[in-house]
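Here is the structure we will look at.
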Amino acid sequence: MELKELKVHAKNIRKNILKQVYNAQSGHPGGSLGATDILTVLYFDVMDITPENAKGIDRDRFVLSKGHVSPLLYAVLAEKGILPMEELMTFRLIDSKLQGHPNMNYVTGVDMSTGSLGQGFAVADGMALANKLDGNDHRIYCLIGDGETEEGEIWEAAMAAAHYKNDNLCAIVDVNGLQIDGNTADVIGPEPLDEKFASFGFHVIKVDGHNMEELKAAFDEAKTVKGKPTAIIARTVKGKGVSFMENNAGWHGKAPNKEQFEAAMAELEAK
């Protein structure tokens, strides 16, 4: 897909993230906005998921290990035509399918129920191994937060992925340097993430997580790697696209008020 088209999709997705969180007055806008460009490239240029095959497993699959950024996943699925657009306005409401953490039993296109940090990557690892055993050539992609790498399960899964030579597994580490309690460096500093994943047996690629050309090239490179999994270390800006949310840990899990919502939507529209 052309870069211009990808940017239009990313803009629409960011607007729908804000609409969901504002309407519910609950949710996680910061990380959702920050990882938008990654998932836009993944869903519209890399993965072979369509409305027609979304209910099956004979396609590439995606696990949102940092499950709290569900507004992003729902907005992407709606933009892709897999989830009805009008359903986005039910986000986090009572009896809605679109809960704060994604549930694979209720939402077509959600490949794993996630929320407990660390578990999604372990499941993605299992999916990749199952595909190899089944002779299924499709790939598994998994988005991990940099704060999430403080979970020991991430590294247990990384060891297993390398041990089983899961070269059909691609982890994308969303490195924005912030988590709910502030700077990741001040909580439990995870760096250097590139060296850590390399030491666990991964092929490592470093990119600007907002540069779509770099992201496309990284995903293409990952497909050529044999005998080991890939980790794409993507540097991002939390709250990307809304100036007053950018690089602000306070927007990790806070909904905008009416004035803030209107200002954010106007800023995105202007871009």
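Naming works like this for the structure tokens: A, B, ... for the chains as they're shown, residue 1 at the start of each chain, ligands 1 onward in shown order.
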
Would you kindly return, as a short mmCIF file (atom, residue, chain, number, x, y, z; two decimals) with C-alpha atoms, in the first residue's frame, each protein, DNA or RNA residue with an atom no farther than 10 Å from any atom of Leu117 in chain A, considering only C-alpha atoms and excluding same-chain residues fewer than 4 positions away?
```cif
data_model
loop_
_atom_site.label_atom_id
_atom_site.label_comp_id
_atom_site.auth_asym_id
_atom_site.auth_seq_id
_atom_site.Cartn_x
_atom_site.Cartn_y
_atom_site.Cartn_z
CA LEU A 64 -1.80 -7.59 21.45
CA SER A 65 0.26 -8.54 24.49
CA LYS A 66 -0.14 -5.03 25.93
CA GLY A 67 -3.88 -5.62 25.98
CA HIS A 68 -4.82 -2.34 27.64
CA PHE A 121 3.85 -12.99 24.14
CA ILE A 144 4.88 -5.90 23.55
CA GLY A 145 5.24 -2.77 25.67
CA GLY A 147 7.17 -1.55 30.50
CA GLU A 148 5.77 -5.02 29.89
CA THR A 149 9.30 -6.38 29.48
CA GLU A 150 9.60 -6.03 33.26
CA GLU A 151 7.49 -9.20 33.40
CA GLY A 152 9.58 -12.36 33.74
CA GLU A 153 7.22 -14.28 31.48
CA ILE A 154 8.42 -12.18 28.53
#
```

Range 181-233 of chain A: residues DSSP assigns to alpha helix (DSSP H), reported as a ChimeraX atom specification:
/A:184-188,193-199,212-224

What does the structure give for the distance between CA of Val175 in chain A and CA of Lys238 in chain A, in Å to one decimal?
8.9 Å

Determine which residues of range 1-218 of chain A DSSP labels as strand (DSSP E) from the backbone of this structure, then write them out as number ranges by chain.
A: 61-64, 140-145, 169-175, 178-179, 182-183, 203-208
